[in-house]
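Q: Quick one: this structure, given as structure tokens, is what I'll be asking you about.
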Amino acid sequence: MYFALQFQKSTENLQNAEDTRKEILYEVRELLKKQDIKVSVDEESGILRLPEESLRFPSGKYEIRVEDKRVISELASALNHVLPCYASGERPNYCRRSPHSLEAMFVEGHTDNVPIGKANYSNWDLSVDRSVTTYKAMIDVQPALETLRNRDNQYLLSVSGYGENRPIVNNDTEERRRMNRRIDLRFVMATPR
């Protein structure tokens with residue numbers, strides 16, 4: 001009976017952490033919505049998705065366009081407001097108390113399936129460049145993001161690239177390929193010890 005109760009308690013803690021992650025996702029989304037920036041939330045995966053209409057990466061490119069710098073600025077500001085509430089260290093006064101914290105937040109780059117056409121440069125390379133460029137642009141606007149740590153004193157923000165390997169739709173039309181050229185922010189909660 002003791003083990004069953006402990007298992008139930010652990011399961012409840014994990015579910016509560018998932019609920020906290022949803023709160024984080026929707027809080028960031030609402031801050032961006034107030035700035036007329038469209039994002040979507042994938043609750044199950046813990047992803048805040050910036051579709052190409054919000055942050056445009058032309059096929060084969062990773063540079064952030066001048067007209068998208070406002071999006072990066074607003075995104076960095078929203079993250080700088082929310083993430084310190086779930087990082088280790090002193091939390092701002094406006095944060096609600098939460099027993100849950102973030103393990104990591106990944107800036108994930110994605111591409112369509114159109115080959116790059118450059119020797120020794122693939123869609124996987126392009127997706128990594130997109131995530132690194134986005135990360136650096138956010139840090140330029142909000143340097144404090146780079147200092148956030150998790151409970152193990154590891155950096156909270158990181159980057160990853162998936163190339164064409166995680167499409168959200170088939171790449172069979174230009175419109176669908178455009179949907180796959182994106183940046184996702186993946187929020188990973190720290191598991192209870």
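Labels for the structure tokens follow display order: chains A, B, ..., residues from 1 in each chain, ligands from 1.
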Using 9 Å as the limit and counting only C-alpha atoms, can you tabulate each residue of range 129-180 of chain A that touches range 112-124 of chain A, with its shortest atom-to-atom distance in Å and the two atoms involved, as a tab-separated table?
A:
residue	atom	partner	partner_atom	distance
A:Asp129	CA	A:Trp124	CA	8.7
A:Gly161	CA	A:Trp124	CA	6.3
A:Tyr162	CA	A:Trp124	CA	5.8
A:Gly163	CA	A:Trp124	CA	3.8
A:Glu164	CA	A:Asn113	CA	5.2
A:Asn165	CA	A:Trp124	CA	8.4
A:Pro167	CA	A:Asp112	CA	7.3
A:Asn171	CA	A:Asn113	CA	6.5
A:Arg176	CA	A:Asp112	CA	8.4
A:Arg177	CA	A:Asp112	CA	5.0
A:Arg178	CA	A:Asp112	CA	7.1
A:Met179	CA	A:Asp112	CA	8.1
A:Asn180	CA	A:Asp112	CA	5.3
Q: Please produce an output containing all heavy atoms for each residue in the selection, written as a CSV table (one decimal), in the first residue's frame.
A:
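Heads up, here's the output in selection.csv:
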chain,number,residue,atom,x,y,z
A,129,ASP,N,21.7,26.5,-37.8
A,129,ASP,CA,22.0,27.9,-38.0
A,129,ASP,C,20.7,28.8,-37.6
A,129,ASP,O,20.9,29.9,-37.1
A,129,ASP,CB,22.4,28.2,-39.4
A,129,ASP,CG,23.8,27.7,-39.7
A,129,ASP,OD1,24.6,27.4,-38.7
A,129,ASP,OD2,24.2,27.6,-40.8
A,161,GLY,N,18.7,21.6,-33.7
A,161,GLY,CA,18.3,21.7,-35.0
A,161,GLY,C,17.8,20.3,-35.5
A,161,GLY,O,18.5,19.3,-35.2
A,162,TYR,N,16.7,20.3,-36.2
A,162,TYR,CA,16.2,19.0,-36.7
A,162,TYR,C,16.0,18.9,-38.2
A,162,TYR,O,15.6,17.9,-38.7
A,162,TYR,CB,14.8,18.8,-36.0
A,162,TYR,CG,14.9,18.6,-34.5
A,162,TYR,CD1,14.6,19.7,-33.7
A,162,TYR,CD2,15.3,17.4,-34.0
A,162,TYR,CE1,14.7,19.6,-32.3
A,162,TYR,CE2,15.4,17.3,-32.6
A,162,TYR,CZ,15.1,18.3,-31.8
A,162,TYR,OH,15.2,18.2,-30.4
A,163,GLY,N,16.5,19.9,-38.9
A,163,GLY,CA,16.4,19.8,-40.4
A,163,GLY,C,15.0,19.6,-40.8
A,163,GLY,O,14.1,20.2,-40.3
A,164,GLU,N,14.8,18.7,-41.7
A,164,GLU,CA,13.5,18.3,-42.3
A,164,GLU,C,12.9,17.2,-41.6
A,164,GLU,O,11.8,16.7,-42.0
A,164,GLU,CB,13.7,18.0,-43.8
A,164,GLU,CG,14.5,16.8,-44.0
A,164,GLU,CD,15.0,16.6,-45.4
A,164,GLU,OE1,15.8,17.5,-45.9
A,164,GLU,OE2,14.5,15.7,-46.1
A,165,ASN,N,13.5,16.7,-40.5
A,165,ASN,CA,13.1,15.4,-39.8
A,165,ASN,C,11.9,15.5,-38.9
A,165,ASN,O,11.4,14.5,-38.5
A,165,ASN,CB,14.3,14.8,-39.1
A,165,ASN,CG,15.4,14.5,-40.0
A,165,ASN,OD1,15.2,14.0,-41.1
A,165,ASN,ND2,16.6,14.8,-39.7
A,167,PRO,N,8.7,17.4,-39.5
A,167,PRO,CA,7.8,18.3,-40.2
A,167,PRO,C,6.4,18.3,-39.4
A,167,PRO,O,6.1,17.3,-38.8
A,167,PRO,CB,7.6,17.8,-41.6
A,167,PRO,CG,7.9,16.3,-41.4
A,167,PRO,CD,9.0,16.2,-40.3
A,171,ASN,N,5.5,18.0,-46.9
A,171,ASN,CA,6.2,19.0,-47.7
A,171,ASN,C,5.8,19.0,-49.2
A,171,ASN,O,6.6,19.3,-50.0
A,171,ASN,CB,7.7,18.8,-47.6
A,171,ASN,CG,8.3,19.3,-46.3
A,171,ASN,OD1,8.2,20.5,-46.0
A,171,ASN,ND2,8.8,18.4,-45.5
A,176,ARG,N,2.8,24.3,-47.6
A,176,ARG,CA,3.2,23.3,-46.5
A,176,ARG,C,4.6,23.4,-46.2
A,176,ARG,O,5.0,23.3,-45.0
A,176,ARG,CB,2.7,21.9,-46.9
A,176,ARG,CG,1.2,21.7,-46.9
A,176,ARG,CD,0.8,20.4,-47.5
A,176,ARG,NE,-0.6,20.1,-47.2
A,176,ARG,CZ,-1.0,19.3,-46.3
A,176,ARG,NH1,-0.2,18.5,-45.6
A,176,ARG,NH2,-2.3,19.1,-46.2
A,177,ARG,N,5.5,23.6,-47.1
A,177,ARG,CA,6.9,23.7,-46.9
A,177,ARG,C,7.2,25.0,-46.0
A,177,ARG,O,8.0,24.9,-45.1
A,177,ARG,CB,7.7,23.8,-48.2
A,177,ARG,CG,7.9,22.4,-48.8
A,177,ARG,CD,8.8,22.4,-50.0
A,177,ARG,NE,8.4,23.2,-51.1
A,177,ARG,CZ,7.6,22.7,-52.1
A,177,ARG,NH1,7.2,21.4,-52.0
A,177,ARG,NH2,7.2,23.4,-53.1
A,178,ARG,N,6.4,26.0,-46.3
A,178,ARG,CA,6.5,27.3,-45.6
A,178,ARG,C,6.2,27.0,-44.1
A,178,ARG,O,6.8,27.6,-43.2
A,178,ARG,CB,5.6,28.3,-46.2
A,178,ARG,CG,6.0,29.7,-45.8
A,178,ARG,CD,5.2,30.8,-46.5
A,178,ARG,NE,4.1,30.5,-47.4
A,178,ARG,CZ,4.2,30.4,-48.7
A,178,ARG,NH1,5.3,30.5,-49.3
A,178,ARG,NH2,3.1,30.1,-49.4
A,179,MET,N,5.2,26.1,-43.8
A,179,MET,CA,4.8,25.8,-42.5
A,179,MET,C,5.9,25.1,-41.7
A,179,MET,O,6.0,25.2,-40.5
A,179,MET,CB,3.5,25.0,-42.5
A,179,MET,CG,2.3,25.8,-43.0
A,179,MET,SD,0.8,24.7,-43.2
A,179,MET,CE,0.4,24.4,-41.5
A,180,ASN,N,6.7,24.3,-42.4
A,180,ASN,CA,7.8,23.5,-41.8
A,180,ASN,C,9.0,24.4,-41.5
A,180,ASN,O,9.9,23.9,-40.7
A,180,ASN,CB,8.1,22.3,-42.6
A,180,ASN,CG,7.0,21.3,-42.5
A,180,ASN,OD1,6.3,21.1,-41.5
A,180,ASN,ND2,6.7,20.6,-43.6
Q: Residues near range 27-38 of chain A, anyone? I mean within 10 Å using only C-alpha atoms, not counting same-chain ones fewer than 6 positions away, as a tab-separated table (two decimals) with C-alpha atoms, in the first residue's frame.
A:
chain	number	residue	atom	x	y	z
A	21	ARG	CA	4.26	23.91	-18.27
A	48	LEU	CA	5.47	27.31	-28.41
A	49	ARG	CA	5.59	27.46	-32.20
A	50	LEU	CA	6.54	30.54	-34.22
A	51	PRO	CA	5.04	29.94	-37.64
A	52	GLU	CA	6.65	31.47	-40.69
A	53	GLU	CA	4.07	34.25	-40.73
A	54	SER	CA	5.57	35.48	-37.44
A	55	LEU	CA	9.24	34.72	-38.06
A	70	ARG	CA	10.50	43.25	-33.63
A	71	VAL	CA	9.19	39.69	-33.25
A	74	GLU	CA	8.99	40.90	-28.19
A	75	LEU	CA	9.70	37.18	-27.86
A	76	ALA	CA	12.85	37.86	-25.82
A	77	SER	CA	10.95	40.31	-23.61
A	78	ALA	CA	8.14	37.82	-22.98
A	79	LEU	CA	10.61	35.07	-22.12
A	80	ASN	CA	12.58	37.43	-19.89
A	81	HIS	CA	9.37	38.14	-17.99
A	82	VAL	CA	8.22	34.52	-17.60
A	83	LEU	CA	11.32	32.29	-17.45
Q: Within 9 Å of Ser158 in chain A, counting only C-alpha atoms, which residues show up once you throw out same-chain ones fewer than 2 positions away? Write them as a PyMOL selection string, please.
A: chain A and resi 104-108+132+135+155-156+160
Q: Write to file, as a JSON list (two decimals), in the first residue's frame, the residues of the selection just made, with all heavy atoms.
A:
[["chain", "number", "residue", "atom", "x", "y", "z"],
["A", 104, "ALA", "N", 14.95, 22.94, -18.95],
["A", 104, "ALA", "CA", 15.56, 23.53, -20.14],
["A", 104, "ALA", "C", 14.48, 24.16, -21.02],
["A", 104, "ALA", "O", 13.31, 23.81, -20.94],
["A", 104, "ALA", "CB", 16.31, 22.47, -20.94],
["A", 105, "MET", "N", 14.92, 25.08, -21.85],
["A", 105, "MET", "CA", 14.10, 25.60, -22.94],
["A", 105, "MET", "C", 14.98, 25.58, -24.18],
["A", 105, "MET", "O", 16.05, 26.18, -24.20],
["A", 105, "MET", "CB", 13.61, 27.02, -22.69],
["A", 105, "MET", "CG", 12.56, 27.43, -23.73],
["A", 105, "MET", "SD", 12.45, 29.19, -24.00],
["A", 105, "MET", "CE", 13.82, 29.42, -25.13],
["A", 106, "PHE", "N", 14.54, 24.82, -25.18],
["A", 106, "PHE", "CA", 15.30, 24.68, -26.42],
["A", 106, "PHE", "C", 14.73, 25.57, -27.50],
["A", 106, "PHE", "O", 13.52, 25.59, -27.72],
["A", 106, "PHE", "CB", 15.25, 23.22, -26.91],
["A", 106, "PHE", "CG", 15.96, 22.26, -26.02],
["A", 106, "PHE", "CD1", 15.27, 21.54, -25.07],
["A", 106, "PHE", "CD2", 17.33, 22.08, -26.12],
["A", 106, "PHE", "CE1", 15.93, 20.64, -24.22],
["A", 106, "PHE", "CE2", 17.99, 21.19, -25.29],
["A", 106, "PHE", "CZ", 17.29, 20.48, -24.34],
["A", 107, "VAL", "N", 15.60, 26.29, -28.17],
["A", 107, "VAL", "CA", 15.24, 27.02, -29.38],
["A", 107, "VAL", "C", 15.52, 26.04, -30.51],
["A", 107, "VAL", "O", 16.68, 25.72, -30.80],
["A", 107, "VAL", "CB", 16.08, 28.30, -29.54],
["A", 107, "VAL", "CG1", 15.70, 29.04, -30.82],
["A", 107, "VAL", "CG2", 15.93, 29.21, -28.32],
["A", 108, "GLU", "N", 14.45, 25.52, -31.13],
["A", 108, "GLU", "CA", 14.59, 24.46, -32.12],
["A", 108, "GLU", "C", 14.38, 25.00, -33.53],
["A", 108, "GLU", "O", 13.35, 25.61, -33.82],
["A", 108, "GLU", "CB", 13.57, 23.35, -31.85],
["A", 108, "GLU", "CG", 13.75, 22.69, -30.51],
["A", 108, "GLU", "CD", 12.73, 21.59, -30.27],
["A", 108, "GLU", "OE1", 11.68, 21.55, -30.93],
["A", 108, "GLU", "OE2", 13.01, 20.76, -29.39],
["A", 132, "VAL", "N", 20.48, 28.87, -33.77],
["A", 132, "VAL", "CA", 21.55, 29.67, -33.17],
["A", 132, "VAL", "C", 21.33, 31.15, -33.45],
["A", 132, "VAL", "O", 21.50, 32.00, -32.56],
["A", 132, "VAL", "CB", 22.94, 29.19, -33.68],
["A", 132, "VAL", "CG1", 24.04, 30.17, -33.29],
["A", 132, "VAL", "CG2", 23.25, 27.80, -33.17],
["A", 135, "TYR", "N", 18.52, 32.34, -31.21],
["A", 135, "TYR", "CA", 19.01, 32.42, -29.83],
["A", 135, "TYR", "C", 19.87, 33.68, -29.63],
["A", 135, "TYR", "O", 19.65, 34.45, -28.69],
["A", 135, "TYR", "CB", 19.81, 31.16, -29.50],
["A", 135, "TYR", "CG", 20.54, 31.23, -28.17],
["A", 135, "TYR", "CD1", 19.90, 30.88, -26.99],
["A", 135, "TYR", "CD2", 21.87, 31.66, -28.11],
["A", 135, "TYR", "CE1", 20.57, 30.95, -25.78],
["A", 135, "TYR", "CE2", 22.53, 31.72, -26.91],
["A", 135, "TYR", "CZ", 21.88, 31.37, -25.75],
["A", 135, "TYR", "OH", 22.54, 31.45, -24.55],
["A", 155, "TYR", "N", 22.85, 25.93, -17.68],
["A", 155, "TYR", "CA", 22.14, 26.96, -18.45],
["A", 155, "TYR", "C", 20.76, 26.46, -18.84],
["A", 155, "TYR", "O", 20.59, 25.30, -19.25],
["A", 155, "TYR", "CB", 22.93, 27.36, -19.69],
["A", 155, "TYR", "CG", 24.16, 28.17, -19.36],
["A", 155, "TYR", "CD1", 25.42, 27.62, -19.46],
["A", 155, "TYR", "CD2", 24.03, 29.48, -18.94],
["A", 155, "TYR", "CE1", 26.55, 28.36, -19.14],
["A", 155, "TYR", "CE2", 25.15, 30.24, -18.61],
["A", 155, "TYR", "CZ", 26.40, 29.67, -18.71],
["A", 155, "TYR", "OH", 27.51, 30.41, -18.38],
["A", 156, "LEU", "N", 19.78, 27.33, -18.73],
["A", 156, "LEU", "CA", 18.40, 26.97, -19.03],
["A", 156, "LEU", "C", 18.14, 26.93, -20.53],
["A", 156, "LEU", "O", 17.46, 26.04, -21.03],
["A", 156, "LEU", "CB", 17.46, 27.98, -18.36],
["A", 156, "LEU", "CG", 16.00, 27.61, -18.26],
["A", 156, "LEU", "CD1", 15.81, 26.37, -17.41],
["A", 156, "LEU", "CD2", 15.22, 28.77, -17.67],
["A", 160, "SER", "N", 18.79, 23.58, -30.68],
["A", 160, "SER", "CA", 18.85, 22.30, -31.37],
["A", 160, "SER", "C", 18.30, 22.49, -32.78],
["A", 160, "SER", "O", 17.53, 23.41, -33.04],
["A", 160, "SER", "CB", 18.07, 21.22, -30.62],
["A", 160, "SER", "OG", 16.74, 21.60, -30.43]]
Q: Give the strand (DSSP E or B) residues of range 23-169 of chain A, as assigned by DSSP on the backbone, as a list in words.
A: Ser40, Val41, Asp42, Ile47, Leu48, Arg49, Leu50, Leu102, Glu103, Ala104, Met105, Phe106, Val107, Glu108, Gly109, His110, Lys118, Tyr121, Arg149, Tyr155, Leu157, Ser158, Val159, Ser160 and Gly161 of chain A
Q: Quick one: write out the picked residues with N, CA and C atoms as a short mmCIF file (atom, residue, chain, number, x, y, z; two decimals), in the first residue's frame?
A:
data_model
loop_
_atom_site.label_atom_id
_atom_site.label_comp_id
_atom_site.auth_asym_id
_atom_site.auth_seq_id
_atom_site.Cartn_x
_atom_site.Cartn_y
_atom_site.Cartn_z
N SER A 40 1.53 29.46 -31.86
CA SER A 40 0.61 28.40 -31.47
C SER A 40 1.27 27.57 -30.38
N VAL A 41 0.43 26.84 -29.66
CA VAL A 41 0.89 26.03 -28.55
C VAL A 41 0.58 24.57 -28.83
N ASP A 42 1.57 23.73 -28.64
CA ASP A 42 1.40 22.29 -28.67
C ASP A 42 1.58 21.82 -27.23
N ILE A 47 5.50 22.83 -26.59
CA ILE A 47 6.11 23.68 -27.61
C ILE A 47 5.29 24.94 -27.84
N LEU A 48 6.01 26.05 -27.92
CA LEU A 48 5.47 27.31 -28.41
C LEU A 48 6.04 27.47 -29.81
N ARG A 49 5.17 27.49 -30.80
CA ARG A 49 5.59 27.46 -32.20
C ARG A 49 5.46 28.85 -32.82
N LEU A 50 6.56 29.30 -33.45
CA LEU A 50 6.54 30.54 -34.22
C LEU A 50 6.42 30.16 -35.68
N LEU A 102 11.81 24.84 -14.50
CA LEU A 102 12.21 24.37 -15.83
C LEU A 102 13.56 23.67 -15.77
N GLU A 103 13.67 22.61 -16.53
CA GLU A 103 14.95 21.94 -16.73
C GLU A 103 15.70 22.61 -17.88
N ALA A 104 14.95 22.94 -18.95
CA ALA A 104 15.56 23.53 -20.14
C ALA A 104 14.48 24.16 -21.02
N MET A 105 14.92 25.08 -21.85
CA MET A 105 14.10 25.60 -22.94
C MET A 105 14.98 25.58 -24.18
N PHE A 106 14.54 24.82 -25.18
CA PHE A 106 15.30 24.68 -26.42
C PHE A 106 14.73 25.57 -27.50
N VAL A 107 15.60 26.29 -28.17
CA VAL A 107 15.24 27.02 -29.38
C VAL A 107 15.52 26.04 -30.51
N GLU A 108 14.45 25.52 -31.13
CA GLU A 108 14.59 24.46 -32.12
C GLU A 108 14.38 25.00 -33.53
N GLY A 109 15.35 24.75 -34.39
CA GLY A 109 15.25 25.14 -35.79
C GLY A 109 14.74 24.00 -36.64
N HIS A 110 13.90 24.34 -37.64
CA HIS A 110 13.31 23.35 -38.54
C HIS A 110 13.36 23.88 -39.97
N LYS A 118 24.13 23.26 -51.65
CA LYS A 118 25.51 23.67 -51.35
C LYS A 118 26.27 22.44 -50.89
N TYR A 121 26.68 21.33 -46.89
CA TYR A 121 25.72 22.11 -46.11
C TYR A 121 24.34 21.53 -46.36
N ARG A 149 19.55 29.79 -15.10
CA ARG A 149 20.05 28.45 -14.81
C ARG A 149 18.91 27.58 -14.27
N TYR A 155 22.85 25.93 -17.68
CA TYR A 155 22.14 26.96 -18.45
C TYR A 155 20.76 26.46 -18.84
N LEU A 157 18.68 27.90 -21.27
CA LEU A 157 18.43 27.98 -22.71
C LEU A 157 19.48 27.23 -23.50
N SER A 158 19.00 26.58 -24.55
CA SER A 158 19.89 25.84 -25.44
C SER A 158 19.28 25.85 -26.83
N VAL A 159 20.02 25.32 -27.79
CA VAL A 159 19.54 25.28 -29.17
C VAL A 159 19.63 23.85 -29.70
N SER A 160 18.79 23.58 -30.68
CA SER A 160 18.85 22.30 -31.37
C SER A 160 18.30 22.49 -32.78
N GLY A 161 18.72 21.63 -33.67
CA GLY A 161 18.26 21.69 -35.05
C GLY A 161 17.83 20.32 -35.51
#
Q: DSSP on the backbone, helix (DSSP H, G or I) only: what residues of range 58-131 of chain A does that give? Format it as a CSV table (one decimal) with N, CA and C atoms, in the first residue's frame.
A:
chain,number,residue,atom,x,y,z
A,66,VAL,N,15.1,42.1,-41.3
A,66,VAL,CA,14.9,43.3,-40.6
A,66,VAL,C,13.5,43.4,-40.0
A,67,GLU,N,12.5,43.1,-40.9
A,67,GLU,CA,11.1,43.2,-40.4
A,67,GLU,C,10.7,42.2,-39.4
A,68,ASP,N,11.5,41.2,-39.1
A,68,ASP,CA,11.2,40.3,-38.0
A,68,ASP,C,12.0,40.5,-36.7
A,69,LYS,N,12.8,41.6,-36.7
A,69,LYS,CA,13.5,41.9,-35.5
A,69,LYS,C,12.6,42.3,-34.3
A,70,ARG,N,11.5,42.9,-34.7
A,70,ARG,CA,10.5,43.3,-33.6
A,70,ARG,C,9.9,42.0,-33.0
A,71,VAL,N,9.7,41.0,-33.8
A,71,VAL,CA,9.2,39.7,-33.3
A,71,VAL,C,10.2,39.1,-32.3
A,72,ILE,N,11.5,39.1,-32.7
A,72,ILE,CA,12.5,38.6,-31.8
A,72,ILE,C,12.6,39.4,-30.5
A,73,SER,N,12.5,40.7,-30.6
A,73,SER,CA,12.5,41.6,-29.4
A,73,SER,C,11.4,41.3,-28.5
A,74,GLU,N,10.2,41.2,-29.0
A,74,GLU,CA,9.0,40.9,-28.2
A,74,GLU,C,9.1,39.5,-27.6
A,75,LEU,N,9.5,38.5,-28.4
A,75,LEU,CA,9.7,37.2,-27.9
A,75,LEU,C,10.7,37.2,-26.7
A,76,ALA,N,11.8,37.8,-26.9
A,76,ALA,CA,12.8,37.9,-25.8
A,76,ALA,C,12.3,38.5,-24.6
A,77,SER,N,11.5,39.6,-24.8
A,77,SER,CA,11.0,40.3,-23.6
A,77,SER,C,10.0,39.4,-22.9
A,78,ALA,N,9.1,38.7,-23.6
A,78,ALA,CA,8.1,37.8,-23.0
A,78,ALA,C,8.9,36.7,-22.2
A,79,LEU,N,9.9,36.1,-22.8
A,79,LEU,CA,10.6,35.1,-22.1
A,79,LEU,C,11.3,35.6,-20.9
A,80,ASN,N,11.9,36.8,-21.0
A,80,ASN,CA,12.6,37.4,-19.9
A,80,ASN,C,11.6,37.7,-18.7
A,81,HIS,N,10.4,37.9,-19.0
A,81,HIS,CA,9.4,38.1,-18.0
A,81,HIS,C,8.9,36.8,-17.3
A,82,VAL,N,8.8,35.8,-18.1
A,82,VAL,CA,8.2,34.5,-17.6
A,82,VAL,C,9.3,33.6,-17.1
A,83,LEU,N,10.4,33.3,-17.8
A,83,LEU,CA,11.3,32.3,-17.4
A,83,LEU,C,12.0,32.5,-16.1
A,84,PRO,N,12.3,33.7,-15.6
A,84,PRO,CA,12.9,33.8,-14.3
A,84,PRO,C,12.0,33.2,-13.2
A,85,CYS,N,10.7,33.2,-13.4
A,85,CYS,CA,9.8,32.6,-12.4
A,85,CYS,C,9.9,31.1,-12.3
A,86,TYR,N,10.6,30.5,-13.2
A,86,TYR,CA,10.7,29.0,-13.2
A,86,TYR,C,12.2,28.5,-13.3
A,123,ASN,N,20.1,20.6,-44.9
A,123,ASN,CA,19.0,21.1,-44.1
A,123,ASN,C,19.2,21.0,-42.6
A,124,TRP,N,19.9,20.0,-42.2
A,124,TRP,CA,20.2,19.9,-40.8
A,124,TRP,C,21.1,21.1,-40.3
A,125,ASP,N,22.1,21.4,-41.1
A,125,ASP,CA,23.0,22.5,-40.8
A,125,ASP,C,22.2,23.8,-40.8
A,126,LEU,N,21.3,23.9,-41.8
A,126,LEU,CA,20.5,25.1,-41.9
A,126,LEU,C,19.6,25.3,-40.6
A,127,SER,N,19.0,24.2,-40.2
A,127,SER,CA,18.1,24.3,-39.0
A,127,SER,C,18.9,24.7,-37.7
A,128,VAL,N,20.2,24.2,-37.6
A,128,VAL,CA,21.0,24.6,-36.5
A,128,VAL,C,21.3,26.1,-36.6
A,129,ASP,N,21.7,26.5,-37.8
A,129,ASP,CA,22.0,27.9,-38.0
A,129,ASP,C,20.7,28.8,-37.6
A,130,ARG,N,19.5,28.3,-38.0
A,130,ARG,CA,18.3,29.1,-37.6
A,130,ARG,C,18.1,29.2,-36.1
A,131,SER,N,18.4,28.1,-35.5
A,131,SER,CA,18.2,28.1,-34.0
A,131,SER,C,19.2,29.0,-33.3
Q: Set the distance at 12 Å and use only C-alpha atoms: which residues neighbour Ser45 in chain A once local chain neighbours fewer than 5 positions away are removed? I'd like the list as a PyMOL selection string.
A: chain A and resi 18+21-22+25+40+184-189
Q: Using the selection just defined, write its residues with N, CA and C atoms as a compact mmCIF listing (two decimals), in the first residue's frame.
A:
# COMPACT_ATOMS: atom_id res chain seq x y z
N GLU A 18 3.23 19.20 -15.50
CA GLU A 18 2.70 19.38 -16.86
C GLU A 18 1.72 20.54 -16.90
N ARG A 21 3.70 23.66 -16.94
CA ARG A 21 4.26 23.91 -18.27
C ARG A 21 3.22 24.53 -19.19
N LYS A 22 1.99 24.06 -19.13
CA LYS A 22 0.91 24.65 -19.93
C LYS A 22 0.72 26.11 -19.55
N LEU A 25 3.47 28.12 -21.19
CA LEU A 25 3.22 28.26 -22.62
C LEU A 25 2.17 29.32 -22.91
N SER A 40 1.53 29.46 -31.86
CA SER A 40 0.61 28.40 -31.47
C SER A 40 1.27 27.57 -30.38
N ASP A 184 10.64 26.49 -33.08
CA ASP A 184 9.84 26.03 -31.96
C ASP A 184 10.62 26.31 -30.68
N LEU A 185 9.90 26.66 -29.64
CA LEU A 185 10.50 26.77 -28.32
C LEU A 185 9.94 25.62 -27.50
N ARG A 186 10.82 24.71 -27.08
CA ARG A 186 10.39 23.52 -26.33
C ARG A 186 10.74 23.73 -24.85
N PHE A 187 9.72 23.64 -24.01
CA PHE A 187 9.88 23.81 -22.58
C PHE A 187 9.90 22.43 -21.91
N VAL A 188 10.96 22.15 -21.17
CA VAL A 188 11.13 20.87 -20.49
C VAL A 188 11.14 21.15 -18.99
N MET A 189 10.21 20.53 -18.28
CA MET A 189 10.11 20.74 -16.84
C MET A 189 11.08 19.83 -16.12
Q: Please compute the CA of Ser59 in chain A-CA of Thr111 in chain A distance, one decimal, in Å.
A: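 For CA of Ser59 in chain A relative to CA of Thr111 in chain A, the distance reads 7.9 Å.
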Q: Between A:Asn93, A:Thr191, A:Thr173, A:Thr133, which residue has the minimum interatomic distance to Thr20 in chain A, considering only C-alpha atoms?
A: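 Of all the options, A:Thr191 lies closest to Thr20 in chain A.
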Q: Interatomic distance between CA of Val39 in chain A and CA of Asn150 in chain A?
A: 25.1 Å
Q: Please, what distance in Å, to one decimal, runs between CA of Phe57 in chain A and CA of Ile183 in chain A?
A: 9.2 Å
